[in-house]
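Shown next: run.txt, containing compact mmCIF, C-alpha atoms.
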```
# COMPACT_ATOMS: atom_id res chain seq x y z
CA MET Q 1 70.60 -73.50 12.03
CA MET Q 2 68.50 -74.73 9.09
CA LYS Q 3 68.71 -72.87 5.81
CA SER Q 4 65.13 -72.30 4.85
CA SER Q 5 64.35 -68.65 4.09
CA ARG Q 6 68.05 -67.72 4.58
CA LEU Q 7 66.77 -64.57 6.23
CA ILE Q 8 67.16 -63.41 9.85
CA LEU Q 9 64.95 -60.67 11.28
CA ALA Q 10 66.76 -57.98 13.29
CA LEU Q 11 64.14 -57.04 15.86
CA ASP Q 12 65.40 -53.51 16.54
CA VAL Q 13 62.57 -52.34 18.76
CA THR Q 14 62.55 -51.71 22.52
CA SER Q 15 58.88 -52.30 23.34
CA GLU Q 16 57.83 -55.81 24.37
CA ASP Q 17 54.37 -55.43 22.81
CA LYS Q 18 55.82 -54.32 19.48
CA ALA Q 19 58.45 -57.09 19.56
CA LEU Q 20 55.92 -59.84 20.29
CA SER Q 21 53.34 -58.62 17.79
CA LEU Q 22 56.03 -58.55 15.08
CA VAL Q 23 57.32 -62.06 15.77
CA ARG Q 24 53.76 -63.39 16.00
CA ASP Q 25 52.76 -61.80 12.68
CA LEU Q 26 55.99 -62.83 10.95
CA GLU Q 27 56.19 -66.39 12.31
CA GLY Q 28 57.65 -68.73 9.69
CA CYS Q 29 59.05 -65.98 7.43
CA PHE Q 30 62.53 -66.02 8.99
CA ASP Q 31 64.99 -68.67 10.16
CA ALA Q 32 65.78 -66.71 13.32
CA VAL Q 33 65.12 -63.44 15.11
CA LYS Q 34 68.09 -61.35 16.25
CA ILE Q 35 67.61 -59.24 19.37
CA GLY Q 36 70.03 -56.95 21.21
CA TYR Q 37 70.59 -55.23 24.53
CA PRO Q 38 68.19 -52.31 23.96
CA LEU Q 39 65.23 -54.75 23.93
CA ILE Q 40 66.68 -57.01 26.66
CA LEU Q 41 67.44 -54.10 29.00
CA SER Q 42 64.02 -52.64 28.41
CA CYS Q 43 62.03 -55.88 28.94
CA GLY Q 44 64.34 -58.15 30.91
CA LEU Q 45 65.85 -61.42 29.72
CA GLY Q 46 62.44 -63.11 29.96
CA ILE Q 47 61.68 -61.65 26.52
CA VAL Q 48 63.88 -64.42 25.05
CA GLY Q 49 61.50 -67.17 26.16
CA LYS Q 50 58.49 -65.25 24.86
CA ILE Q 51 60.02 -64.70 21.40
CA SER Q 52 61.40 -68.21 21.15
CA ARG Q 53 57.85 -69.60 21.13
CA PHE Q 54 57.70 -68.20 17.60
CA SER Q 55 61.30 -68.34 16.36
CA PRO Q 56 64.84 -69.28 17.39
CA VAL Q 57 66.53 -66.26 19.03
CA ILE Q 58 70.04 -65.00 18.33
CA ALA Q 59 71.20 -62.63 21.09
CA ASP Q 60 73.37 -59.95 19.51
CA LEU Q 61 75.16 -58.94 22.69
CA LYS Q 62 78.48 -57.96 21.05
CA ILE Q 63 80.07 -59.69 24.05
CA ALA Q 64 83.45 -58.06 24.74
CA ASP Q 65 84.75 -58.70 28.23
CA ILE Q 66 87.32 -60.88 30.05
CA PRO Q 67 86.84 -64.67 29.78
CA ASN Q 68 85.04 -65.16 33.10
CA THR Q 69 82.57 -62.31 32.57
CA ASN Q 70 81.95 -63.49 28.99
CA ARG Q 71 81.12 -66.94 30.34
CA LEU Q 72 78.67 -65.52 32.89
CA ILE Q 73 76.97 -63.35 30.24
CA CYS Q 74 76.64 -66.30 27.84
CA GLU Q 75 75.24 -68.56 30.56
CA GLU Q 76 72.56 -66.02 31.53
CA ALA Q 77 71.45 -65.71 27.90
CA LEU Q 78 71.65 -69.44 27.19
CA ARG Q 79 69.63 -70.31 30.30
CA ALA Q 80 67.01 -67.83 29.08
CA GLY Q 81 66.74 -69.87 25.88
CA VAL Q 82 68.76 -68.20 23.13
CA SER Q 83 69.86 -70.52 20.34
CA GLY Q 84 72.67 -68.27 19.14
CA LEU Q 85 75.00 -65.58 20.49
CA ILE Q 86 77.08 -62.84 18.85
CA ALA Q 87 80.45 -61.93 20.38
CA HIS Q 88 83.39 -59.67 19.53
CA ALA Q 89 86.78 -61.28 18.86
CA PHE Q 90 88.54 -58.02 19.69
CA PRO Q 91 89.13 -58.76 23.42
CA GLY Q 92 91.20 -61.78 22.38
CA GLN Q 93 91.27 -65.52 21.87
CA ASP Q 94 90.69 -66.50 25.51
CA SER Q 95 87.62 -64.27 25.80
CA LEU Q 96 86.18 -65.67 22.57
CA LYS Q 97 86.91 -69.25 23.58
CA ALA Q 98 84.91 -68.73 26.79
CA CYS Q 99 81.88 -67.77 24.64
CA ALA Q 100 82.38 -70.70 22.25
CA GLU Q 101 82.60 -73.20 25.11
CA SER Q 102 79.46 -71.85 26.77
CA ALA Q 103 77.52 -71.93 23.48
CA ARG Q 104 78.68 -75.48 22.74
CA ALA Q 105 77.59 -76.70 26.19
CA TYR Q 106 74.04 -75.60 25.34
CA GLY Q 107 74.13 -76.75 21.69
CA ALA Q 108 73.87 -73.11 20.62
CA ASP Q 109 75.58 -71.20 17.81
CA LEU Q 110 78.28 -68.58 18.28
CA PHE Q 111 78.79 -65.89 15.64
CA VAL Q 112 81.80 -63.59 15.77
CA VAL Q 113 81.92 -59.97 14.56
CA THR Q 114 84.68 -59.58 11.97
CA GLU Q 115 83.81 -56.07 10.95
CA MET Q 116 80.91 -53.68 11.14
CA SER Q 117 79.16 -51.49 8.61
CA HIS Q 118 79.07 -48.07 10.35
CA PRO Q 119 81.72 -45.44 9.39
CA GLY Q 120 83.62 -45.74 12.71
CA ALA Q 121 84.38 -49.41 12.04
CA LYS Q 122 87.26 -48.18 9.86
CA ASP Q 123 89.00 -46.52 12.85
CA PHE Q 124 90.23 -49.75 14.46
CA MET Q 125 88.31 -52.82 13.26
CA THR Q 126 88.52 -52.99 9.45
CA PRO Q 127 92.32 -53.40 9.36
CA LEU Q 128 91.99 -56.31 11.80
CA ALA Q 129 89.13 -58.15 10.03
CA GLU Q 130 91.31 -61.02 8.80
CA GLY Q 131 92.74 -61.61 12.25
CA LEU Q 132 89.29 -61.45 13.84
CA ALA Q 133 87.98 -64.03 11.32
CA LYS Q 134 90.95 -66.31 12.06
CA ALA Q 135 90.21 -65.98 15.79
CA ALA Q 136 86.61 -67.10 15.08
CA VAL Q 137 87.88 -70.22 13.32
CA GLU Q 138 90.39 -70.99 16.07
CA ALA Q 139 87.72 -70.65 18.78
CA GLY Q 140 85.46 -73.10 16.96
CA ALA Q 141 82.67 -70.58 16.37
CA THR Q 142 79.69 -71.47 14.18
CA GLY Q 143 80.37 -68.52 11.93
CA VAL Q 144 80.89 -64.80 11.59
CA VAL Q 145 78.97 -61.57 11.05
CA ALA Q 146 80.16 -59.63 7.99
CA PRO Q 147 78.50 -56.63 6.34
CA ALA Q 148 76.47 -57.15 3.16
CA THR Q 149 77.35 -53.58 2.18
CA ARG Q 150 80.88 -54.74 1.27
CA PRO Q 151 80.64 -57.95 -0.81
CA GLU Q 152 84.38 -57.93 -1.55
CA ARG Q 153 85.02 -58.17 2.20
CA ILE Q 154 82.59 -61.10 2.48
CA LYS Q 155 84.61 -62.85 -0.22
CA MET Q 156 87.84 -62.25 1.71
CA ILE Q 157 86.27 -63.49 4.98
CA ARG Q 158 84.90 -66.58 3.17
CA SER Q 159 88.42 -67.46 2.02
CA ILE Q 160 89.55 -67.49 5.68
CA ILE Q 161 86.65 -69.26 7.38
CA ALA Q 162 86.08 -72.01 4.74
CA ASP Q 163 82.67 -73.61 5.36
CA LYS Q 164 81.66 -71.70 8.47
CA ILE Q 165 78.44 -69.69 8.31
CA ILE Q 166 78.36 -66.00 7.33
CA ILE Q 167 75.42 -63.91 8.50
CA SER Q 168 75.23 -60.46 6.88
CA PRO Q 169 73.47 -57.29 7.99
CA GLY Q 170 73.21 -54.22 5.75
CA VAL Q 171 70.73 -55.31 3.09
CA GLY Q 172 67.77 -52.98 2.56
CA ALA Q 173 67.85 -49.78 4.64
CA GLN Q 174 71.68 -49.64 4.55
CA GLY Q 175 71.81 -50.21 0.79
CA GLY Q 176 73.47 -53.64 0.48
CA SER Q 177 72.38 -55.87 -2.41
CA ALA Q 178 71.03 -59.28 -1.40
CA ALA Q 179 72.20 -60.91 -4.63
CA ASP Q 180 75.74 -59.49 -4.35
CA ALA Q 181 76.07 -60.55 -0.71
CA ILE Q 182 74.90 -64.11 -1.39
CA LYS Q 183 77.11 -64.36 -4.48
CA ALA Q 184 80.11 -63.21 -2.40
CA GLY Q 185 79.47 -65.99 0.12
CA ALA Q 186 76.89 -64.88 2.69
CA ASP Q 187 74.69 -67.72 3.99
CA TYR Q 188 72.05 -65.63 5.75
CA LEU Q 189 70.98 -62.04 5.35
CA ILE Q 190 69.87 -60.01 8.34
CA VAL Q 191 67.04 -57.59 7.57
CA GLY Q 192 65.51 -55.20 10.06
CA ARG Q 193 64.25 -51.67 9.77
CA SER Q 194 62.83 -52.08 6.25
CA ILE Q 195 60.38 -54.62 7.74
CA THR Q 196 60.00 -53.66 11.42
CA GLY Q 197 59.54 -50.00 10.46
CA ALA Q 198 56.99 -50.66 7.70
CA ASP Q 199 53.30 -49.75 8.09
CA ASN Q 200 52.49 -53.32 7.09
CA PRO Q 201 55.44 -55.48 8.20
CA MET Q 202 53.81 -58.69 6.92
CA ALA Q 203 53.37 -57.30 3.39
CA GLU Q 204 56.90 -55.87 3.48
CA ALA Q 205 58.33 -59.21 4.64
CA GLU Q 206 56.57 -61.02 1.78
CA LYS Q 207 57.97 -58.44 -0.66
CA VAL Q 208 61.50 -58.89 0.72
CA LEU Q 209 61.16 -62.68 0.62
CA SER Q 210 59.99 -62.78 -2.98
CA GLN Q 211 62.56 -60.19 -4.14
CA PHE Q 212 65.21 -62.17 -2.31
CA LYS Q 213 64.20 -65.47 -3.95
CA ALA Q 214 64.12 -63.84 -7.38
CA SER Q 215 67.50 -62.18 -6.95
CA VAL Q 216 69.48 -65.15 -5.69
CA LEU Q 217 68.03 -68.02 -7.73
CA MET V 1 82.75 -38.24 40.90
CA MET V 2 84.14 -37.12 44.29
CA LYS V 3 87.50 -38.45 45.38
CA SER V 4 86.91 -39.64 48.88
CA SER V 5 88.07 -43.24 49.44
CA ARG V 6 89.45 -43.37 45.87
CA LEU V 7 88.16 -46.93 45.77
CA ILE V 8 85.42 -48.45 43.58
CA LEU V 9 83.83 -51.77 44.48
CA ALA V 10 83.45 -54.25 41.59
CA LEU V 11 80.28 -56.09 42.54
CA ASP V 12 81.03 -59.31 40.66
CA VAL V 13 78.12 -61.38 41.94
CA THR V 14 74.97 -62.50 40.12
CA SER V 15 72.54 -62.86 43.02
CA GLU V 16 70.40 -59.84 43.93
CA ASP V 17 70.36 -60.78 47.63
CA LYS V 18 74.14 -61.09 47.77
CA ALA V 19 74.59 -57.83 45.81
CA LEU V 20 72.24 -55.84 48.06
CA SER V 21 73.59 -57.27 51.30
CA LEU V 22 77.15 -56.35 50.21
CA VAL V 23 76.30 -52.76 49.25
CA ARG V 24 74.27 -52.31 52.44
CA ASP V 25 77.10 -53.60 54.63
CA LEU V 26 79.78 -51.66 52.76
CA GLU V 27 77.89 -48.36 52.43
CA GLY V 28 80.28 -45.42 52.69
CA CYS V 29 83.46 -47.47 52.15
CA PHE V 30 83.60 -46.86 48.38
CA ASP V 31 83.05 -43.90 46.06
CA ALA V 32 81.04 -46.05 43.63
CA VAL V 33 79.93 -49.60 42.92
CA LYS V 34 80.68 -51.11 39.52
CA ILE V 35 78.21 -53.68 38.19
CA GLY V 36 78.18 -55.60 34.91
CA TYR V 37 75.90 -57.58 32.64
CA PRO V 38 76.00 -60.87 34.60
CA LEU V 39 74.21 -59.17 37.53
CA ILE V 40 71.94 -57.03 35.31
CA LEU V 41 70.88 -59.97 33.14
CA SER V 42 70.25 -62.09 36.21
CA CYS V 43 68.20 -59.46 38.16
CA GLY V 44 66.98 -57.03 35.51
CA LEU V 45 67.95 -53.36 35.20
CA GLY V 46 65.86 -52.54 38.30
CA ILE V 47 68.88 -53.64 40.36
CA VAL V 48 70.50 -50.28 39.52
CA GLY V 49 67.88 -48.30 41.44
CA LYS V 50 68.15 -50.66 44.42
CA ILE V 51 71.96 -50.38 44.61
CA SER V 52 72.00 -46.63 44.03
CA ARG V 53 70.15 -46.10 47.32
CA PHE V 54 73.49 -46.99 48.91
CA SER V 55 76.11 -45.89 46.36
CA PRO V 56 76.52 -44.33 42.90
CA VAL V 57 76.48 -47.09 40.26
CA ILE V 58 78.90 -47.44 37.33
CA ALA V 59 77.50 -49.83 34.71
CA ASP V 60 80.42 -51.72 33.21
CA LEU V 61 78.64 -52.73 30.00
CA LYS V 62 81.72 -52.71 27.74
CA ILE V 63 79.41 -51.09 25.18
CA ALA V 64 80.65 -52.01 21.67
CA ASP V 65 78.00 -51.57 18.99
CA ILE V 66 77.03 -49.16 16.21
CA PRO V 67 76.21 -45.57 17.27
CA ASN V 68 72.41 -45.94 17.36
CA THR V 69 72.47 -49.18 19.37
CA ASN V 70 75.05 -47.69 21.75
CA ARG V 71 72.74 -44.73 22.30
CA LEU V 72 69.78 -47.00 23.06
CA ILE V 73 71.85 -49.11 25.49
CA CYS V 74 73.14 -46.00 27.29
CA GLU V 75 69.66 -44.51 27.57
CA GLU V 76 68.22 -47.68 29.10
CA ALA V 77 70.99 -47.74 31.73
CA LEU V 78 70.85 -43.99 32.38
CA ARG V 79 67.08 -44.02 32.82
CA ALA V 80 67.56 -46.84 35.34
CA GLY V 81 69.79 -44.49 37.35
CA VAL V 82 73.44 -45.27 36.65
CA SER V 83 75.83 -42.41 37.30
CA GLY V 84 78.58 -43.81 35.09
CA LEU V 85 79.02 -46.07 32.06
CA ILE V 86 81.95 -48.03 30.64
CA ALA V 87 82.28 -48.36 26.85
CA HIS V 88 84.79 -49.79 24.38
CA ALA V 89 86.48 -47.41 21.94
CA PHE V 90 87.38 -50.07 19.36
CA PRO V 91 84.07 -49.87 17.41
CA GLY V 92 85.19 -46.36 16.48
CA GLN V 93 84.84 -42.68 17.17
CA ASP V 94 81.19 -42.36 16.13
CA SER V 95 80.11 -45.23 18.38
CA LEU V 96 81.99 -43.77 21.33
CA LYS V 97 80.63 -40.29 20.70
CA ALA V 98 77.08 -41.67 20.89
CA CYS V 99 77.87 -42.98 24.40
CA ALA V 100 79.52 -39.72 25.49
CA GLU V 101 76.56 -37.63 24.30
CA SER V 102 74.05 -39.87 26.09
CA ALA V 103 76.07 -39.77 29.33
CA ARG V 104 76.42 -35.99 29.14
CA ALA V 105 72.67 -35.53 28.65
CA TYR V 106 72.13 -37.26 32.00
CA GLY V 107 75.10 -35.63 33.79
CA ALA V 108 76.73 -39.06 34.02
CA ASP V 109 80.35 -40.13 33.57
CA LEU V 110 81.69 -42.12 30.63
CA PHE V 111 84.81 -44.24 31.05
CA VAL V 112 86.51 -45.83 28.05
CA VAL V 113 88.43 -49.12 28.01
CA THR V 114 91.97 -48.52 26.76
CA GLU V 115 93.28 -51.98 27.48
CA MET V 116 92.40 -54.96 29.62
CA SER V 117 94.37 -57.11 32.05
CA HIS V 118 93.56 -60.66 30.84
CA PRO V 119 96.13 -62.48 28.61
CA GLY V 120 93.97 -62.23 25.44
CA ALA V 121 94.07 -58.42 25.59
CA LYS V 122 97.49 -58.67 23.92
CA ASP V 123 95.98 -60.28 20.78
CA PHE V 124 94.39 -57.12 19.40
CA MET V 125 93.93 -54.43 22.06
CA THR V 126 97.31 -53.68 23.67
CA PRO V 127 98.93 -52.43 20.43
CA LEU V 128 95.98 -50.03 20.00
CA ALA V 129 95.89 -48.65 23.56
CA GLU V 130 97.27 -45.23 22.63
CA GLY V 131 94.74 -44.80 19.85
CA LEU V 132 91.90 -45.95 22.10
CA ALA V 133 92.96 -43.42 24.76
CA LYS V 134 93.07 -40.65 22.14
CA ALA V 135 89.58 -41.65 21.00
CA ALA V 136 88.39 -41.28 24.63
CA VAL V 137 89.78 -37.74 24.78
CA GLU V 138 88.30 -36.83 21.42
CA ALA V 139 84.85 -38.11 22.42
CA GLY V 140 84.92 -35.99 25.58
CA ALA V 141 84.79 -38.96 27.95
CA THR V 142 85.24 -38.46 31.71
CA GLY V 143 88.14 -40.86 31.75
CA VAL V 144 89.50 -44.29 30.95
CA VAL V 145 89.86 -47.75 32.43
CA ALA V 146 93.49 -48.95 32.56
CA PRO V 147 94.89 -51.99 34.37
CA ALA V 148 96.69 -51.51 37.69
CA THR V 149 98.70 -54.63 36.89
CA ARG V 150 100.76 -52.60 34.39
CA PRO V 151 101.76 -49.27 36.01
CA GLU V 152 104.03 -48.37 33.07
CA ARG V 153 100.97 -48.49 30.82
CA ILE V 154 99.02 -46.25 33.21
CA LYS V 155 101.87 -43.74 32.93
CA MET V 156 101.69 -43.86 29.12
CA ILE V 157 97.89 -43.45 29.15
CA ARG V 158 98.19 -40.54 31.61
CA SER V 159 100.52 -38.74 29.17
CA ILE V 160 97.81 -38.96 26.49
CA ILE V 161 94.68 -38.12 28.48
CA ALA V 162 96.13 -35.24 30.57
CA ASP V 163 93.76 -34.54 33.49
CA LYS V 164 91.03 -37.03 32.66
CA ILE V 165 90.23 -39.65 35.28
CA ILE V 166 91.87 -43.10 35.31
CA ILE V 167 90.06 -45.94 37.06
CA SER V 168 92.15 -49.10 37.51
CA PRO V 169 91.13 -52.70 38.10
CA GLY V 170 93.66 -55.40 38.94
CA VAL V 171 94.69 -54.55 42.50
CA GLY V 172 94.39 -57.40 45.02
CA ALA V 173 93.31 -60.76 43.56
CA GLN V 174 95.08 -60.03 40.24
CA GLY V 175 98.29 -58.95 41.94
CA GLY V 176 98.52 -55.22 41.09
CA SER V 177 100.07 -52.91 43.69
CA ALA V 178 97.84 -50.04 44.87
CA ALA V 179 100.80 -47.78 45.56
CA ASP V 180 102.40 -48.40 42.15
CA ALA V 181 99.11 -47.80 40.31
CA ILE V 182 98.42 -44.52 42.15
CA LYS V 183 102.03 -43.37 41.68
CA ALA V 184 101.75 -44.10 37.94
CA GLY V 185 98.68 -41.89 37.72
CA ALA V 186 95.54 -43.88 38.60
CA ASP V 187 92.82 -41.81 40.30
CA TYR V 188 90.61 -44.65 41.52
CA LEU V 189 91.31 -48.32 42.15
CA ILE V 190 88.67 -50.92 41.45
CA VAL V 191 88.66 -53.78 43.96
CA GLY V 192 86.37 -56.77 43.80
CA ARG V 193 86.86 -60.42 44.56
CA SER V 194 89.22 -59.87 47.51
CA ILE V 195 86.30 -58.17 49.28
CA THR V 196 83.13 -59.68 47.76
CA GLY V 197 84.60 -63.18 48.10
CA ALA V 198 85.75 -62.76 51.73
CA ASP V 199 84.02 -64.51 54.63
CA ASN V 200 83.75 -61.13 56.30
CA PRO V 201 83.56 -58.52 53.49
CA MET V 202 83.28 -55.62 55.98
CA ALA V 203 86.48 -56.59 57.81
CA GLU V 204 88.24 -57.18 54.48
CA ALA V 205 87.11 -53.78 53.15
CA GLU V 206 88.45 -52.06 56.26
CA LYS V 207 91.75 -53.90 55.83
CA VAL V 208 91.97 -52.88 52.16
CA LEU V 209 91.08 -49.26 53.00
CA SER V 210 93.70 -48.95 55.73
CA GLN V 211 96.38 -50.72 53.67
CA PHE V 212 95.48 -48.46 50.78
CA LYS V 213 95.76 -45.28 52.86
CA ALA V 214 99.10 -46.42 54.31
CA SER V 215 100.54 -47.32 50.91
CA VAL V 216 99.63 -44.18 49.00
CA LEU V 217 100.17 -41.49 51.63
```
Final structure tokens representation of the file:
Amino acid sequence: MMKSSRLILALDVTSEDKALSLVRDLEGCFDAVKIGYPLILSCGLGIVGKISRFSPVIADLKIADIPNTNRLICEEALRAGVSGLIAHAFPGQDSLKACAESARAYGADLFVVTEMSHPGAKDFMTPLAEGLAKAAVEAGATGVVAPATRPERIKMIRSIIADKIIISPGVGAQGGSAADAIKAGADYLIVGRSITGADNPMAEAEKVLSQFKASVL
Amino acid sequence: MMKSSRLILALDVTSEDKALSLVRDLEGCFDAVKIGYPLILSCGLGIVGKISRFSPVIADLKIADIPNTNRLICEEALRAGVSGLIAHAFPGQDSLKACAESARAYGADLFVVTEMSHPGAKDFMTPLAEGLAKAAVEAGATGVVAPATRPERIKMIRSIIADKIIISPGVGAQGGSAADAIKAGADYLIVGRSITGADNPMAEAEKVLSQFKASVL
């Protein structure tokens, strides 16, 4: 992935028309577009090819199954044209390795969830974040997903994963500060609702981009 | 779910033709058919409606996201006609509750993964199995998924979830004993490759059914 805007758009919509009009209007503003199962289940996996005419696509599938099923899921998404995948480390090293091997075979990136930003993440995941980050390194992943809402956790994750890439959701609608997240070690920020939910997404994207540049330079 | 054969077919194929010919040939042999993302991504969510003409469908999506995304994923699958869903508990109580509420609104079942049978499950999940089972109870799930390969674990899970339903993969190809799993407290056994991979799936299903009846009665 090339660092240009250092921003990734989370395309959290379920309508194909809305998704395509957003990526068309916002072409060039973001380094990648992140989509998830709600959109894929609603439109079919063919949506990947349509979006990737405008931007590289990261499929945030939170993959969390046994190794063989993980491999089959990755291969379906990779054949459809995704350039990155997001998987959970929680089901274990062998499951994660299956994702990493599939991604590598297609020259795609694999990002691993180390922790999440919703309240329930504290129930089981937060205490395991270090172990999950180590599993990402061991599997040879491209990087990890760590919440921008907790910069001190990004710093801790950075100390484990060395020069791997950190992509961080939580800036904007969820209250995370772009400057703090980048200072703590995030490489890319993932922004979504503040732009996709705006009356004028293009104007909002330009605002976010200029605020972002001002805050991190 | 009605206990009739007490068997669930894991339809681990990715071709629509193969999937539909199997469920057509095996109609009436199983209480439900379990499908996962490899088949859904390959054929689209419309496959659910086609299979459910022959059997209730449990969508084994190992759902593992934040509450709002979980809700959107469940709603897509429920609108497509699934009668059951499988979710992970490790993203936390709020995420699981979102799945349980969606399932309930459609009169569908929710099953929660407590542990898995592949080697990597020991890395993070096995030590948490009790907590994951408690989370399933607290969320009001229909039941849990627990591996037939470890009957002593089924017994432990049963002691936590009282009269909730246990569905158990791992019998057959993975070496679990049907009789031991049922004796330990499993309500339904999930069988897959031994039948879907057989030259004559119908004959194999009849063999499994009669062996199963002989071993548990």
For chain V against chain Q, which residues fall within 6 Å using only C-alpha atoms, given as a PDB file with C-alpha atoms, in the frame of the given file?
```
ATOM      1  CA  PRO V  38      76.000 -60.870  34.600  1.00  0.00           C
ATOM      2  CA  GLY V  44      66.980 -57.030  35.510  1.00  0.00           C
ATOM      3  CA  LEU V  72      69.780 -47.000  23.060  1.00  0.00           C
ATOM      4  CA  ILE V  73      71.850 -49.110  25.490  1.00  0.00           C
ATOM      5  CA  PHE V  90      87.380 -50.070  19.360  1.00  0.00           C
ATOM      6  CA  PRO V  91      84.070 -49.870  17.410  1.00  0.00           C
ATOM      7  CA  GLY V  92      85.190 -46.360  16.480  1.00  0.00           C
ATOM      8  CA  GLN V  93      84.840 -42.680  17.170  1.00  0.00           C
ATOM      9  CA  ASP V  94      81.190 -42.360  16.130  1.00  0.00           C
ATOM     10  CA  GLY V 120      93.970 -62.230  25.440  1.00  0.00           C
ATOM     11  CA  ALA V 121      94.070 -58.420  25.590  1.00  0.00           C
ATOM     12  CA  ASP V 123      95.980 -60.280  20.780  1.00  0.00           C
ATOM     13  CA  PHE V 124      94.390 -57.120  19.400  1.00  0.00           C
TER      14      PHE V 124
END
```
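If you count all atoms listed in the file and draw a sphere of 7 Å around (93.5, -49.9, 28.3), the protein and nucleic acid residues inside it come out as Val113, Thr114, Glu115, Met116, Ala129, Val145, Ala146 and Pro147 of chain V.
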Of the candidates Q:Lys213, Q:Arg24, Q:Arg79, Q:Lys34, which one gets nearest to Q:Phe54 if we count all atoms listed in the file?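 Of the candidates, the smallest distance to Q:Phe54 is held by Q:Arg24.
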Pick out the residues sitting within 7 Å of Q:Ala100, and hand them over as a PyMOL selection string; count only C-alpha atoms, and ignore anything fewer than 5 positions along from it in its own chain. chain Q and resi 110+139-141
I want to know what sits within 12 Å of V:Glu206, based on all atoms listed in the file, with residues of the same chain fewer than 3 positions away left out; could you give that as a ChimeraX atom specification? /V:5,7,25-30,194-195,198,200-203,209-213
Surrounding residues of Q:Val82 excluding itself and chain neighbours under 5 positions, 9 Å, all atoms listed in the file, as a PDB file with C-alpha atoms, in the frame of the given file:
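Output file around29.pdb follows:
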```pdb
ATOM      1  CA  VAL Q  48      63.880 -64.420  25.050  1.00  0.00           C
ATOM      2  CA  GLY Q  49      61.500 -67.170  26.160  1.00  0.00           C
ATOM      3  CA  SER Q  52      61.400 -68.210  21.150  1.00  0.00           C
ATOM      4  CA  PRO Q  56      64.840 -69.280  17.390  1.00  0.00           C
ATOM      5  CA  VAL Q  57      66.530 -66.260  19.030  1.00  0.00           C
ATOM      6  CA  ILE Q  58      70.040 -65.000  18.330  1.00  0.00           C
ATOM      7  CA  ALA Q  59      71.200 -62.630  21.090  1.00  0.00           C
ATOM      8  CA  ALA Q  77      71.450 -65.710  27.900  1.00  0.00           C
ATOM      9  CA  ALA Q 108      73.870 -73.110  20.620  1.00  0.00           C
TER      10      ALA Q 108
END
```
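Here atom CA of V:Arg158 and atom CA of V:Leu189 stand 14.8 Å from one another.
Note that the spacing between atom CA of V:Lys134 and atom CA of V:Lys97 amounts to 12.5 Å.
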For Q:Val216, list every protein, DNA or RNA residue within 10 Å, evaluated using only C-alpha atoms, and leave out those in the same chain fewer than 6 positions away; present the list as a ChimeraX atom specification. /Q:178-183
So that I can see what lies close to Q:Ile161, please list as a list in words the residues with an atom at most 10 Å from it, counting only C-alpha atoms and leaving out residues fewer than 5 positions away in the same chain.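 Answer for this query is Glu130, Ala133, Lys134, Ala135, Ala136, Val137, Glu138, Ala141, Thr142, Gly143, Val144, Met156 and Ile166 of chain Q.
For the pair atom CA of Q:Val23 and atom CA of Q:Ala10, the interatomic distance is 10.6 Å.
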Using all atoms listed in the file, which residue out of V:Ile51, V:Val112, V:Ile86, V:Pro169 lies closest to V:Lys18?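 Checking each of V:Ile51, V:Val112, V:Ile86, V:Pro169 against V:Lys18, counting all atoms listed in the file, the winner is V:Ile51.
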